[in-house]
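Here the structure is laid out as structure tokens; the discussion comes afterwards.
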Amino acid sequence: MFGGSNVVAASAERVWMMLQDPVVLGRVIPGLSEIVMTGPGRFIARLAVGVGPVRGKFKVTLQFDESRAPEVVGVNVEGRNMSGLAVLDAELHVTDLGEGSRVDWTAAPRLSGLIATLGNKLIDTKARESGAGQRYADQFFSRLSQEA
């Protein structure tokens, strides 16, 4: 499991609104392209990702759980390609700070299929490292702040 904290130059409500906009998501999620909204809080897209030498392009579905929004946002990303399945379950806790918001996040990735052969060991190693996943999160939240 990965986790961290980032500050976004927007209120919790504005962060939630941006997460519901496919145009914004296409600009802020590194590697995301061809995003289309298929229902409330649900999107399909293409995503190019890599962890060390393990890289791939996936057809993904993104689903946002709005039941506790805007303070808590659940995110499920499920990506498939010929090598297998990659799933990421994340939770964002958004706290208004006045002129912005702090987002405390956790993310749990899971791999299956051929990509799991190398990828699971690599992800486990990265998860034990201090600040694992923070670089990707920093890119995402920095871009989200720019959008705000």
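By convention in this document, the chains of the structure tokens carry letters A, B, ... by their order, each chain's residues are numbered from 1, and ligands are numbered from 1 in the order they are shown.
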With a distance cut-off of 12 Å and only C-alpha atoms, select the neighbouring residues of Glu78 of chain A, excluding the residue or stretch itself and same-chain residues fewer than 2 positions from it, and output the selection as a count of residues only. 29
Would you give me, as number ranges by chain, the residues in chain A that DSSP reads as strand (DSSP E)? A: 2-8, 32-39, 42-51, 54-65, 72-81, 84-96, 101-113
What is the atom CA of Ala107 of chain A-atom CA of Met17 of chain A distance in Å, reported with one decimal? 20.8 Å
Identify, on the basis of only C-alpha atoms, every residue whose closest approach to Phe141 of chain A does not exceed 8 Å; exclude the query and any residue fewer than 6 positions from it along the same chain; express the result as a tab-separated table (two decimals) with C-alpha atoms, in the first residue's frame.
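Written file, selection.tsv:
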```
chain	number	residue	atom	x	y	z
A	6	ASN	CA	-0.42	16.81	-0.96
A	7	VAL	CA	-1.83	20.34	-0.99
A	8	VAL	CA	-4.12	21.54	-3.79
A	28	VAL	CA	-3.93	16.01	-14.75
```
Residues within 9 Å of Asp104 of chain A, please, as a PyMOL selection string. Count only C-alpha atoms; anything in the same chain fewer than 5 positions from it doesn't count. chain A and resi 3-7+91-95
Quick one: distance from atom CA of Gly100 of chain A to atom CA of Asp65 of chain A in Å, one decimal? 21.9 Å
Please provide as a list in words all residues within 10 Å of Glu147 of chain A, with the sequence filter that same-chain residues fewer than 5 positions apart are discarded (counting only C-alpha atoms). Val8, Ala9, Ala10, Val15, Met18, Val24, Leu25, Arg27, Val28, Phe141 and Ser142 of chain A
Same residues, N, CA and C atoms, saved as a compact mmCIF listing (two decimals), in the first residue's frame:
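Okay, this is what ended up in again_16.txt:
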```
# COMPACT_ATOMS: atom_id res chain seq x y z
N VAL A 8 -3.54 21.09 -2.52
CA VAL A 8 -4.12 21.54 -3.79
C VAL A 8 -4.67 22.94 -3.57
N ALA A 9 -4.44 23.83 -4.53
CA ALA A 9 -4.90 25.22 -4.43
C ALA A 9 -6.38 25.33 -4.81
N ALA A 10 -7.23 24.59 -4.09
CA ALA A 10 -8.67 24.61 -4.35
C ALA A 10 -9.39 24.07 -3.12
N VAL A 15 -12.11 20.55 -5.74
CA VAL A 15 -11.35 19.33 -6.05
C VAL A 15 -12.32 18.26 -6.55
N MET A 18 -13.52 19.00 -10.08
CA MET A 18 -12.48 18.73 -11.09
C MET A 18 -12.34 17.24 -11.35
N VAL A 24 -10.52 17.79 -17.50
CA VAL A 24 -9.53 18.04 -16.44
C VAL A 24 -8.75 16.76 -16.15
N LEU A 25 -9.44 15.64 -15.99
CA LEU A 25 -8.75 14.38 -15.71
C LEU A 25 -7.74 14.04 -16.80
N ARG A 27 -6.01 16.04 -18.46
CA ARG A 27 -4.84 16.91 -18.34
C ARG A 27 -4.02 16.65 -17.08
N VAL A 28 -4.64 16.10 -16.03
CA VAL A 28 -3.93 16.01 -14.75
C VAL A 28 -3.40 14.62 -14.42
N PHE A 141 -1.21 16.01 -8.30
CA PHE A 141 -1.76 17.09 -7.49
C PHE A 141 -1.22 18.45 -7.92
N SER A 142 -0.01 18.51 -8.43
CA SER A 142 0.52 19.76 -8.98
C SER A 142 -0.29 20.20 -10.19
```
Just list the residues in chain A DSSP gives helix (DSSP H, G or I) on the backbone, as a PyMOL selection string. chain A and resi 12-19+22-28+114-128+134-147
Could you tell me how far atom CA of Thr38 of chain A sits from atom CA of Gly113 of chain A, in Å to one decimal place?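 Spanning atom CA of Gly113 of chain A to atom CA of Thr38 of chain A is a straight-line distance of 26.6 Å.
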Here is a test: counting only C-alpha atoms, which residue of A:Glu13, A:Glu99, A:Asp21, A:Glu34 is nearest to Val72 of chain A?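 Checking each candidate against Val72 of chain A, we get A:Glu13 as the closest.
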For Leu114 of chain A, which of A:Ser145, A:Ser83, A:Ser33, A:Gln139 is the closest residue, counting only C-alpha atoms?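 Using only C-alpha atoms, the shortest distance to Leu114 of chain A belongs to A:Ser83.
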